[in-house]
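Let me begin by presenting the structure, written as structure tokens, before commenting on it.
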Amino acid sequence: MNELSKKYRHKIVTAEELCSIIGPRPRAKAIVMCHGVFDLVHPGHIRHLLYAKSKADILVASLTADPHIAKAQYRPFVPQDLRALNLAALEIVDYVIVDENATPLQNLRRIQPDLFAKGYEYQDGGLHPRTQQEVDIISGYGGEILFTPGDIVYSSSALIESGPPKLALDKLATLMEAERISFDRLRQALHAFEGIAVHVVGDTIVDSLTHTTMIGGMTKTPTASVRFDNRIDYIGGAAIVAEHIRAAGATVVFSTVLGEDPLKDFVLAGLARSGVETKVIVDRTRPTTNKNAFVCGDYRLLKVDTLDSRSISDQITEQFVEQIRSTPARAVVFSDFRHGIFNRRTIPHLIEALPKDIYRVADSQVASRWGNILEFKGFDLITPNEREARFALADQDTGVRPLAAQLHDAADCKVVILKLGDRGLLTCRSRQHEDYRSFFVVDSFADRVVDAVGAGDALLSYATLAMVTDGSDVVASILGSFAAALECEVDGNTPISREDVMRKIDAIEKRVHYL
């Protein structure tokens, strides 16, 4: 793809470069300019561009930069670098500019095209006030506005919502090219995980799947009758984060609270097999947290939770504080599931205990319980999902880009990786939110979703290690996305190994090279 795209990238210029190329009015060759989002280039766009080109010698396609697109919560679907390349690849388009302003008014004044082409819908029923502003500018320097025929009308938004095209590979290739990141760099980042010391602090959960077979229903009550087949227990919560990090090659110390029961022994035995050093605090007043889902065929019938989510005692809090202060590590991960360790009373003490110059990561998976990712202020990396971000900001309507920007500022953090489920992730990495490079999206690369539970833990683990070793939020987001995809492809919480991710990199690289 890189070699092919080079044939067209010379068409993508800045407004200043375009002015230098075409010169001031009057010109020997007529210039026509079209402006739009061009999120998906569809037949309506092509007919619009063809008509415009027929009226002038040079066609300039101007597109709205990512930060100014607010048509829906998840737009733009295609990032601006790829949108610009899509237009540049069209033979009829001579130049492409990305307008960094919210409207084309400033560039109209600067470029002064002879013709400005608008779609028929912009004059149907009378001129919109914003279109009238464009008309005033164009007529002011002697140009002319042109409305293309409305014989065929498509909606990019409708097309995207009805069936989003699969552009994950194209978007990934464009992002990596723009950031000068190769697949070899991803592999090198993985190799660098070896031996990195990480301290994970958080709530342990034992996730259970009780498999059943449907027998029938009761005749007098709407009660399903199932036969017990088997039960499989998985280490989950913060404990699986520790296992993921260990499977990636790092050394891990894990601090947690467990009850005095058989599940405690199950957890400790499993962590020992994984090579995780556990500093367990046993609280005999509470059970080890267990979440048992009853499964029948492909359906989950019921989930039964055995837990006690009240706050840990002051004595146990002090034990955690001492462990955090005394455990040498390059990074610490606060993995919060709101089952006793983290709350408004304990969090300030636990944060205060963090050693200086340690990389600080927080993940607060509290969408179904009380808790707030904003209680972890000043961290290097936070990784909430969209629902948790909306809960923290009391905002259910804002698009995901401004939502991530608000969270980034409110949390006073360096990087936000906002998990978007099957839509992948969006990373916000700068306070300069008007700069489109402060955001980027990595789509999901799950080939077959078997069980999405635990995908966020895998993402958190690999993103943390990549930030510590490589320092690139793009590398961290990509590796985190690959690890999350692998977790989605297996049933139950299973540690994702470095070798698993390496194979994913190899597979994705082959597919990208076929683009």
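Each chain in the structure tokens gets a letter, A, B, ..., in the order shown, and its residues are numbered from 1; ligands are numbered from 1 in order too.
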What's the 7 Å shell around A:Pro76, counting only C-alpha atoms, without same-chain residues fewer than 2 positions away, as number ranges by chain?
A: 39, 66, 69, 74, 78-79
Please dump the current selection as a compact mmCIF listing (two decimals), in the first residue's frame; keep all heavy atoms.
```txt
# COMPACT_ATOMS: atom_id res chain seq x y z
N ASP A 39 -16.47 11.19 3.95
CA ASP A 39 -16.15 10.10 4.87
C ASP A 39 -16.13 8.77 4.13
O ASP A 39 -15.25 7.94 4.34
CB ASP A 39 -17.18 10.07 6.00
CG ASP A 39 -16.60 9.48 7.28
OD1 ASP A 39 -15.44 9.06 7.27
OD2 ASP A 39 -17.31 9.45 8.30
N ASP A 66 -10.56 16.06 10.86
CA ASP A 66 -11.23 15.21 11.84
C ASP A 66 -11.83 15.96 13.04
O ASP A 66 -12.96 15.68 13.44
CB ASP A 66 -10.26 14.14 12.36
CG ASP A 66 -9.96 13.07 11.33
OD1 ASP A 66 -10.64 13.05 10.28
OD2 ASP A 66 -9.05 12.25 11.56
N ILE A 69 -15.55 17.38 12.78
CA ILE A 69 -16.66 16.54 12.32
C ILE A 69 -17.45 16.07 13.53
O ILE A 69 -16.92 15.38 14.40
CB ILE A 69 -16.15 15.35 11.51
CG1 ILE A 69 -15.42 15.84 10.25
CG2 ILE A 69 -17.31 14.43 11.11
CD1 ILE A 69 -14.74 14.75 9.48
N TYR A 74 -19.63 8.54 16.39
CA TYR A 74 -18.44 7.79 15.99
C TYR A 74 -17.87 8.26 14.65
O TYR A 74 -17.24 7.51 13.94
CB TYR A 74 -18.77 6.30 15.92
CG TYR A 74 -19.30 5.75 17.20
CD1 TYR A 74 -20.65 5.49 17.36
CD2 TYR A 74 -18.46 5.52 18.29
CE1 TYR A 74 -21.16 5.00 18.56
CE2 TYR A 74 -18.96 5.03 19.49
CZ TYR A 74 -20.31 4.77 19.61
OH TYR A 74 -20.80 4.29 20.80
N VAL A 78 -13.71 7.30 8.61
CA VAL A 78 -12.41 7.19 7.96
C VAL A 78 -11.57 8.39 8.38
O VAL A 78 -12.00 9.54 8.23
CB VAL A 78 -12.56 7.16 6.42
CG1 VAL A 78 -11.19 7.03 5.74
CG2 VAL A 78 -13.49 6.04 5.99
N PRO A 79 -10.36 8.19 8.94
CA PRO A 79 -9.52 9.32 9.37
C PRO A 79 -9.08 10.18 8.19
O PRO A 79 -9.04 9.72 7.04
CB PRO A 79 -8.33 8.63 10.04
CG PRO A 79 -8.30 7.25 9.48
CD PRO A 79 -9.72 6.89 9.18
```
Run DSSP on the backbone of this structure and report the residues of stretch 426-483 of chain A it assigns to strand (DSSP E or B), as a PDB file with C-alpha atoms, in the first residue's frame.
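This went into out-v3.pdb:
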```
ATOM      1  CA  LEU A 426      -9.816   5.752  20.303  1.00  0.00           C
ATOM      2  CA  THR A 427      -6.664   7.240  21.805  1.00  0.00           C
ATOM      3  CA  CYS A 428      -6.395  10.846  22.972  1.00  0.00           C
ATOM      4  CA  PHE A 439      -6.639  11.567  18.336  1.00  0.00           C
ATOM      5  CA  PHE A 440      -6.410   8.333  16.415  1.00  0.00           C
ATOM      6  CA  VAL A 441      -8.532   5.209  16.072  1.00  0.00           C
ATOM      7  CA  VAL A 442      -7.500   1.554  15.924  1.00  0.00           C
TER       8      VAL A 442
END
```
Selected residue of minimal separation from A:Leu59 among A:Asp114, A:Asp229, A:Asp435, A:Glu17, counting only C-alpha atoms:
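The closest residue to A:Leu59 is A:Asp114.
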Atom CA of A:Asn86 to atom CA of A:Gln133, distance in Å rounded to a single decimal
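Atom CA of A:Asn86 sits 28.5 Å away from atom CA of A:Gln133.
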As a PyMOL selection string, please: all residues of stretch 274-444 of chain A that backbone DSSP puts in helix (DSSP H, G or I).
chain A and resi 274+314-326+347-352+373-375+386-393+400-411+421-423+436-438
Please identify all polymer residues within 12 Å of A:Asp314, counting only C-alpha atoms, omitting same-chain residues fewer than 3 positions from it, and present them as a ChimeraX atom specification.
/A:311,317-321,340-341,345-347,349-350
With C-alpha atoms retained, write the just-selected residues as an mmCIF file, in the first residue's frame.
```cif
data_model
loop_
_atom_site.group_PDB
_atom_site.id
_atom_site.type_symbol
_atom_site.label_atom_id
_atom_site.label_comp_id
_atom_site.auth_asym_id
_atom_site.auth_seq_id
_atom_site.Cartn_x
_atom_site.Cartn_y
_atom_site.Cartn_z
ATOM 1 C CA SER A 311 -14.334 -1.194 51.733
ATOM 2 C CA THR A 317 -5.207 -0.286 53.519
ATOM 3 C CA GLU A 318 -1.958 0.328 55.380
ATOM 4 C CA GLN A 319 -0.673 -3.050 54.245
ATOM 5 C CA PHE A 320 -1.353 -2.070 50.634
ATOM 6 C CA VAL A 321 0.339 1.289 51.155
ATOM 7 C CA GLY A 340 -13.311 -3.332 48.229
ATOM 8 C CA ILE A 341 -9.766 -2.165 47.533
ATOM 9 C CA ARG A 345 -11.503 6.670 51.331
ATOM 10 C CA THR A 346 -8.600 4.453 50.198
ATOM 11 C CA ILE A 347 -7.637 5.859 46.792
ATOM 12 C CA HIS A 349 -3.703 6.922 50.414
ATOM 13 C CA LEU A 350 -2.841 4.407 47.686
#
```
What lies within 12 Å of A:Tyr359 using only C-alpha atoms, ignoring chain neighbours under 5 positions off, as a tab-separated table (two decimals) with C-alpha atoms, in the first residue's frame?
```tsv
chain	number	residue	atom	x	y	z
A	196	ILE	CA	10.17	-5.37	32.85
A	197	ALA	CA	9.04	-5.13	36.50
A	198	VAL	CA	5.37	-4.28	36.99
A	199	HIS	CA	3.33	-4.04	40.18
A	200	VAL	CA	-0.39	-4.77	39.75
A	328	PRO	CA	10.43	-1.96	43.05
A	329	ALA	CA	8.82	-1.62	39.61
A	330	ARG	CA	8.92	0.36	36.36
A	331	ALA	CA	5.13	0.64	36.31
A	332	VAL	CA	2.20	0.23	38.66
A	333	VAL	CA	-1.28	-0.72	37.49
A	334	PHE	CA	-4.31	0.10	39.63
A	354	LEU	CA	3.23	5.57	44.63
A	378	GLY	CA	-2.59	12.75	37.14
A	379	PHE	CA	-1.89	9.23	35.85
A	380	ASP	CA	0.17	8.49	32.75
A	381	LEU	CA	-2.41	6.18	31.17
A	382	ILE	CA	-6.08	5.45	31.81
A	413	CYS	CA	-3.58	12.40	32.39
A	414	LYS	CA	-1.09	11.96	29.57
A	415	VAL	CA	-2.90	9.35	27.47
A	464	THR	CA	1.08	-0.56	29.59
A	465	LEU	CA	4.19	-2.56	28.71
A	466	ALA	CA	4.50	-0.86	25.31
A	467	MET	CA	4.30	2.60	26.88
A	468	VAL	CA	7.01	1.68	29.39
A	469	THR	CA	9.38	0.14	26.83
A	471	GLY	CA	7.01	5.11	24.68
```
Please list as a ChimeraX atom specification every residue within 8 Å of A:Val93, counting only C-alpha atoms and excluding residues in the same chain fewer than 3 positions away.
/A:49,53,58-61,87-90,96
Rank nothing, just name the residue among A:Asp409, A:Glu322, A:Glu100, A:Glu134 nearest to A:Lys279, using only C-alpha atoms.
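Of A:Asp409, A:Glu322, A:Glu100, A:Glu134, the one nearest A:Lys279 is A:Glu322, counting only C-alpha atoms.
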Go through A:Glu179, A:Asp207, A:Glu260, A:Glu277 and flag the residue nearest A:Ser472, using only C-alpha atoms for the distances.
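Of A:Glu179, A:Asp207, A:Glu260, A:Glu277, the one nearest A:Ser472 is A:Glu179, counting only C-alpha atoms.
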Show me, as a ChimeraX atom specification, the residues that have an atom within 8 Å of A:Asp451 when counting only C-alpha atoms, minus same-chain residues fewer than 5 positions from it.
/A:487-492
At what distance in Å, to one decimal, does atom CA of A:Ile97 lie from atom CA of A:Arg25?
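Going from atom CA of A:Arg25 over to atom CA of A:Ile97, I get 18.9 Å.
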So that I can check the surroundings of A:Val267, please list as a PDB file with C-alpha atoms, in the first residue's frame every protein, DNA and RNA residue that reaches within 9 Å of it, counting only C-alpha atoms and ignoring chain neighbours fewer than 6 positions away.
```
ATOM      1  CA  THR A 204      -9.297 -10.482  42.200  1.00  0.00           C
ATOM      2  CA  ILE A 205     -12.348 -12.086  40.614  1.00  0.00           C
ATOM      3  CA  VAL A 206     -12.888 -15.747  39.870  1.00  0.00           C
ATOM      4  CA  TYR A 234     -11.031 -18.754  35.416  1.00  0.00           C
ATOM      5  CA  ILE A 235      -8.789 -16.285  37.196  1.00  0.00           C
ATOM      6  CA  ALA A 239      -5.404 -11.157  38.679  1.00  0.00           C
ATOM      7  CA  LEU A 258      -8.736 -12.828  48.999  1.00  0.00           C
TER       8      LEU A 258
END
```
